[in-house]
Amino acid sequence: LLSGKTALVTGSTSGIGLGMARALAGSGANIVFNGFGDAGEIEQLQADVAKEFGVQTAYHNADMSKPAEIEAMIAFADDKFGGVDVLVNNAGIQYVANIEDFPTEKWDAIIAINLTSAFHTSRLVLPRMRAKNWGRIINLASTHGLVGSAQKSAYVAAKHGLIGLTKVGALETATTGVTVNAICPGFVLTPLVQKQVDARASKDGISNDAAKQALLADKQPSGEFVTPEELGALAVFLCSDAAKQVRGVAWNMDGGWVAQ
Ligand code: NAD
């Protein structure tokens with residue numbers, strides 16, 4: 001499906017981004033990894049994916065809060081692979097506090113990483129996608145791009161903004177072979193959510209398992225976490241020809257969260 005094409009997945013050293021990278025590699029795409037972590041572990045990750053799926057892999061350490069580093073990363077992908085065909089804007093962080101207690105530097109960081117970075121990567125990859133008349137931009141939004149939750153002001157604002165950016169990108173490319181869509185996961189058990197599980201366990205004095213169940217019971221009717229593999233399969237579908245008229249959607253995969 002994607003052989004000879006290149007996918008850049010931001011924040012792909014962990015969690016959902018890694019699931020996306022593995023799924024796209026499984027469909028034959030070369031992968032440009034990005035994200036933080038131990039250099040040796042990242043090298044191993046690259047080698048493992050290259051070997052398992054028979055694709056080429058590369059890595060760039062751009063900090064997604066820094067536009068100059070994002071520019072360097074896209075130039076690196078262009079040099080190495082002749083352009084990015086599939087862009088997955090996945091890097092993201094969370095912080096939980098009431099608005100009046102929200103540290104302003106956390107607000108700025110969340111808006112920069114979860115929203116503004118997707119503007120920069122998109123503006124930088126679109127010229128080549130248009131020239132090839134093929135491309136896929138997939139923005140990892142969230143159920144929090146569709147509905148709110150208390151204490152997540154910056155995250156909810158950024159994810160609603162990301163869905164807005166998705167719609168505009170889809171309209172601007174509507175008559176081309178480039179599509180722009182968003183995926184909106186419910187709870188996925190990644191390091192980002194484990195922090196919230198830990199906070200719940202210590203606040204309520206309950207076990208790790210009980211805290212997971214409590215978190216799900218609040219929001220996710222299925223009572224089960226969504227997995228990075230399931231999200232990766234949805235991304236692969238969005239890359240397929242069958243999905244070429246799927247444009248500007250915010251597709252939730254959330255165990256029923258926003259059906260309530
Ligand atoms: P995670 O913490 O497991 O992974 C985040 C990735 O982003 C890591 O690779 C990390 O190194 C990278 N990253 C963080 N800051 C960065 C920066 N400044 N520059 C470059 N890379 C950076 O988190 P996750 O749960 O896999 O989240 C991935 C995306 O999915 C995020 O956008 C998140 O908002 C979204 N999401 C997660 C859930 C969930 O339940 N886990 C639900 C909905 C949406």
# chains A, B, ... in the order shown; residues from 1 in each chain; ligands from 1

call {"tool": "residues_near_ligand", "arguments": {"ligand": "ligand 1", "cutoff": "8 Å", "atoms": "only C-alpha atoms and all ligand atoms", "output": "PyMOL selection string"}}
result
chain A and resi 10-18+34-37+61-66+89-94+109+113-114+140-144+155+159+184-193+225-226+228

call {"tool": "write_last_selection", "arguments": {"atoms": "N, CA and C atoms", "output": "short mmCIF file (atom, residue, chain, number, x, y, z; two decimals), in the first residue's frame"}}
result
data_model
loop_
_atom_site.label_atom_id
_atom_site.label_comp_id
_atom_site.auth_asym_id
_atom_site.auth_seq_id
_atom_site.Cartn_x
_atom_site.Cartn_y
_atom_site.Cartn_z
N THR A 10 5.53 12.43 14.24
CA THR A 10 6.13 13.19 15.34
C THR A 10 5.79 12.48 16.66
N GLY A 11 6.72 12.55 17.60
CA GLY A 11 6.49 11.89 18.89
C GLY A 11 6.31 10.39 18.75
N SER A 12 7.19 9.75 17.97
CA SER A 12 6.99 8.32 17.69
C SER A 12 7.93 7.41 18.48
N THR A 13 8.57 7.96 19.52
CA THR A 13 9.43 7.12 20.35
C THR A 13 8.65 6.41 21.44
N SER A 14 7.33 6.62 21.50
CA SER A 14 6.54 6.08 22.60
C SER A 14 5.07 6.00 22.18
N GLY A 15 4.32 5.19 22.89
CA GLY A 15 2.86 5.25 22.86
C GLY A 15 2.20 5.17 21.49
N ILE A 16 1.26 6.07 21.25
CA ILE A 16 0.44 6.04 20.04
C ILE A 16 1.31 6.28 18.80
N GLY A 17 2.25 7.22 18.89
CA GLY A 17 3.10 7.53 17.74
C GLY A 17 3.88 6.31 17.28
N LEU A 18 4.38 5.55 18.25
CA LEU A 18 5.11 4.33 17.92
C LEU A 18 4.16 3.32 17.25
N ASN A 34 10.59 10.60 15.36
CA ASN A 34 10.89 11.85 16.08
C ASN A 34 10.39 11.66 17.51
N GLY A 35 11.00 12.39 18.43
CA GLY A 35 10.55 12.31 19.83
C GLY A 35 11.74 12.22 20.75
N PHE A 36 11.46 12.28 22.04
CA PHE A 36 12.53 12.25 23.02
C PHE A 36 12.76 10.82 23.51
N GLY A 37 13.91 10.62 24.16
CA GLY A 37 14.20 9.32 24.76
C GLY A 37 15.68 9.03 24.74
N ASN A 61 15.66 14.56 16.01
CA ASN A 61 15.31 14.86 17.41
C ASN A 61 14.66 16.24 17.60
N ALA A 62 14.05 16.79 16.56
CA ALA A 62 13.45 18.13 16.68
C ALA A 62 12.52 18.22 17.89
N ASP A 63 12.66 19.31 18.62
CA ASP A 63 11.73 19.63 19.69
C ASP A 63 10.55 20.33 19.04
N MET A 64 9.36 19.76 19.17
CA MET A 64 8.21 20.26 18.43
C MET A 64 7.69 21.60 18.94
N SER A 65 8.31 22.11 20.00
CA SER A 65 7.95 23.46 20.42
C SER A 65 8.84 24.51 19.76
N LYS A 66 9.76 24.06 18.89
CA LYS A 66 10.73 24.99 18.30
C LYS A 66 10.65 24.99 16.77
N ASN A 89 0.88 14.08 12.75
CA ASN A 89 1.15 15.05 13.81
C ASN A 89 0.65 14.46 15.12
N ASN A 90 1.57 13.84 15.83
CA ASN A 90 1.18 13.06 17.01
C ASN A 90 1.78 13.57 18.32
N ALA A 91 2.94 14.23 18.27
CA ALA A 91 3.60 14.63 19.52
C ALA A 91 2.62 15.42 20.38
N GLY A 92 2.60 15.13 21.66
CA GLY A 92 1.68 15.86 22.53
C GLY A 92 2.02 15.65 23.98
N ILE A 93 1.63 16.62 24.79
CA ILE A 93 1.82 16.53 26.23
C ILE A 93 0.52 16.93 26.92
N GLN A 94 0.44 16.64 28.21
CA GLN A 94 -0.76 16.93 28.98
C GLN A 94 -0.37 17.62 30.28
N ALA A 109 3.44 25.77 26.44
CA ALA A 109 4.09 24.56 25.92
C ALA A 109 3.05 23.64 25.26
N ILE A 113 3.24 22.58 21.36
CA ILE A 113 3.53 21.19 20.96
C ILE A 113 2.29 20.53 20.36
N ASN A 114 1.13 20.71 21.00
CA ASN A 114 -0.07 19.97 20.57
C ASN A 114 -0.80 20.64 19.41
N LEU A 140 -3.30 13.75 15.21
CA LEU A 140 -3.74 13.05 16.41
C LEU A 140 -4.39 14.05 17.34
N ALA A 141 -5.71 14.17 17.22
CA ALA A 141 -6.44 15.05 18.14
C ALA A 141 -6.81 14.19 19.34
N SER A 142 -8.07 14.18 19.72
CA SER A 142 -8.48 13.47 20.93
C SER A 142 -9.99 13.64 21.06
N THR A 143 -10.61 12.80 21.89
CA THR A 143 -12.00 13.11 22.28
C THR A 143 -12.04 14.53 22.84
N HIS A 144 -10.91 14.99 23.41
CA HIS A 144 -10.84 16.35 23.93
C HIS A 144 -10.74 17.41 22.84
N TYR A 155 -5.04 21.59 26.99
CA TYR A 155 -5.12 20.39 26.13
C TYR A 155 -6.40 20.42 25.29
N LYS A 159 -6.54 20.78 21.26
CA LYS A 159 -7.11 19.70 20.44
C LYS A 159 -8.31 20.21 19.63
N CYS A 184 -9.41 10.89 16.77
CA CYS A 184 -9.71 11.33 18.14
C CYS A 184 -9.82 10.14 19.07
N PRO A 185 -8.70 9.72 19.65
CA PRO A 185 -8.76 8.57 20.56
C PRO A 185 -9.39 8.94 21.91
N GLY A 186 -10.04 7.96 22.50
CA GLY A 186 -10.36 8.05 23.93
C GLY A 186 -9.10 7.67 24.70
N PHE A 187 -9.28 7.12 25.92
CA PHE A 187 -8.11 6.75 26.73
C PHE A 187 -7.34 5.58 26.10
N VAL A 188 -6.03 5.78 25.94
CA VAL A 188 -5.10 4.75 25.48
C VAL A 188 -4.06 4.64 26.60
N LEU A 189 -3.72 3.42 27.00
CA LEU A 189 -2.80 3.28 28.14
C LEU A 189 -1.36 3.48 27.69
N THR A 190 -0.95 4.73 27.62
CA THR A 190 0.42 5.12 27.26
C THR A 190 1.02 5.81 28.50
N PRO A 191 2.33 6.17 28.43
CA PRO A 191 2.92 6.89 29.56
C PRO A 191 2.13 8.17 29.92
N LEU A 192 1.55 8.84 28.89
CA LEU A 192 0.78 10.07 29.12
C LEU A 192 -0.43 9.81 30.03
N VAL A 193 -1.09 8.66 29.82
CA VAL A 193 -2.28 8.34 30.62
C VAL A 193 -1.88 7.65 31.94
N PHE A 225 -9.39 0.21 27.37
CA PHE A 225 -8.54 1.18 26.68
C PHE A 225 -8.55 0.92 25.17
N VAL A 226 -8.44 1.98 24.39
CA VAL A 226 -8.14 1.88 22.95
C VAL A 226 -6.64 1.52 22.87
N PRO A 228 -2.78 1.41 20.69
CA PRO A 228 -2.02 2.02 19.59
C PRO A 228 -2.16 1.23 18.29
#

call {"tool": "residues_around", "arguments": {"residues": "Leu24 of chain A", "least_positions_apart": "5", "cutoff": "8 Å", "atoms": "only C-alpha atoms", "output": "number ranges by chain"}}
result
A: 2, 7, 29, 31, 232, 235-236

call {"tool": "residues_around", "arguments": {"residues": "Ile111 of chain A", "least_positions_apart": "6", "cutoff": "8 Å", "atoms": "only C-alpha atoms", "output": "ChimeraX atom specification"}}
result
/A:154-155,157-158

call {"tool": "closest_residue", "arguments": {"among": "A:Gly205, A:Gly248, A:Pro103, A:Pro221", "to": "Ala174 of chain A", "atoms": "only C-alpha atoms"}}
result
A:Gly248

call {"tool": "select_by_dssp", "arguments": {"residues": "segment 97-160 of chain A", "states": "helix (DSSP H, G or I)", "output": "VMD selection string"}}
result
chain A and resid 99 to 101 104 to 132 143 to 145 153 to 160

call {"tool": "write_last_selection", "arguments": {"atoms": "C-alpha atoms", "output": "mmCIF file, in the first residue's frame"}}
result
data_model
loop_
_atom_site.group_PDB
_atom_site.id
_atom_site.type_symbol
_atom_site.label_atom_id
_atom_site.label_comp_id
_atom_site.auth_asym_id
_atom_site.auth_seq_id
_atom_site.Cartn_x
_atom_site.Cartn_y
_atom_site.Cartn_z
ATOM 1 C CA ILE A 99 -7.597 27.373 34.968
ATOM 2 C CA GLU A 100 -6.755 29.676 37.866
ATOM 3 C CA ASP A 101 -3.922 27.363 38.933
ATOM 4 C CA THR A 104 1.252 29.897 32.104
ATOM 5 C CA GLU A 105 4.410 28.210 30.815
ATOM 6 C CA LYS A 106 2.515 24.875 30.700
ATOM 7 C CA TRP A 107 -0.260 26.559 28.705
ATOM 8 C CA ASP A 108 2.292 27.909 26.223
ATOM 9 C CA ALA A 109 4.085 24.558 25.917
ATOM 10 C CA ILE A 110 0.863 22.606 25.312
ATOM 11 C CA ILE A 111 -0.364 25.044 22.655
ATOM 12 C CA ALA A 112 3.074 24.991 20.979
ATOM 13 C CA ILE A 113 3.531 21.195 20.960
ATOM 14 C CA ASN A 114 -0.071 19.972 20.575
ATOM 15 C CA LEU A 115 -1.273 22.629 18.090
ATOM 16 C CA THR A 116 1.261 25.039 16.598
ATOM 17 C CA SER A 117 3.743 22.296 15.641
ATOM 18 C CA ALA A 118 1.103 20.795 13.323
ATOM 19 C CA PHE A 119 0.770 24.141 11.539
ATOM 20 C CA HIS A 120 4.538 24.247 10.987
ATOM 21 C CA THR A 121 4.920 20.641 9.793
ATOM 22 C CA SER A 122 1.856 20.994 7.537
ATOM 23 C CA ARG A 123 2.979 24.241 5.912
ATOM 24 C CA LEU A 124 6.393 22.690 5.259
ATOM 25 C CA VAL A 125 5.235 19.359 3.751
ATOM 26 C CA LEU A 126 2.284 20.622 1.684
ATOM 27 C CA PRO A 127 4.276 22.061 -1.257
ATOM 28 C CA ARG A 128 5.844 18.660 -2.027
ATOM 29 C CA MET A 129 2.570 16.796 -1.451
ATOM 30 C CA ARG A 130 0.822 19.153 -3.876
ATOM 31 C CA ALA A 131 3.634 18.723 -6.416
ATOM 32 C CA LYS A 132 3.239 14.912 -6.242
ATOM 33 C CA THR A 143 -11.997 13.110 22.283
ATOM 34 C CA HIS A 144 -10.845 16.350 23.935
ATOM 35 C CA GLY A 145 -10.971 17.916 20.481
ATOM 36 C CA SER A 153 -7.979 23.728 29.547
ATOM 37 C CA ALA A 154 -4.814 23.937 27.459
ATOM 38 C CA TYR A 155 -5.124 20.392 26.132
ATOM 39 C CA VAL A 156 -8.811 20.764 25.220
ATOM 40 C CA ALA A 157 -8.178 24.153 23.596
ATOM 41 C CA ALA A 158 -5.223 22.801 21.608
ATOM 42 C CA LYS A 159 -7.112 19.697 20.437
ATOM 43 C CA HIS A 160 -10.205 21.721 19.411
#

call {"tool": "residues_around", "arguments": {"residues": "Val168 of chain A", "least_positions_apart": "4", "cutoff": "12 Å", "atoms": "only C-alpha atoms", "output": "list in words"}}
result
Phe119, Ser122, Gly161, Leu162, Ile163, Gly164, Glu172, Thr173, Ala174, Thr179, Val180, Asn181, Ala182, Arg247, Gly248 and Val249 of chain A

call {"tool": "write_last_selection", "arguments": {"atoms": "C-alpha atoms", "output": "compact mmCIF listing (two decimals), in the first residue's frame"}}
result
# COMPACT_ATOMS: atom_id res chain seq x y z
CA PHE A 119 0.77 24.14 11.54
CA SER A 122 1.86 20.99 7.54
CA GLY A 161 -7.79 23.99 17.53
CA LEU A 162 -6.15 21.02 15.85
CA ILE A 163 -9.53 19.87 14.53
CA GLY A 164 -10.08 23.40 13.18
CA GLU A 172 -7.54 23.92 0.89
CA THR A 173 -6.53 20.53 -0.60
CA ALA A 174 -10.04 19.31 -1.47
CA THR A 179 -6.23 14.53 2.32
CA VAL A 180 -6.18 15.97 5.83
CA ASN A 181 -8.00 14.26 8.69
CA ALA A 182 -7.96 13.95 12.46
CA ARG A 247 -11.64 14.76 4.06
CA GLY A 248 -11.65 16.97 7.12
CA VAL A 249 -13.18 14.43 9.50

call {"tool": "atom_distance", "arguments": {"atom1": "atom CA of Gln46 of chain A", "atom2": "atom CA of Lys195 of chain A"}}
result
26.0 Å
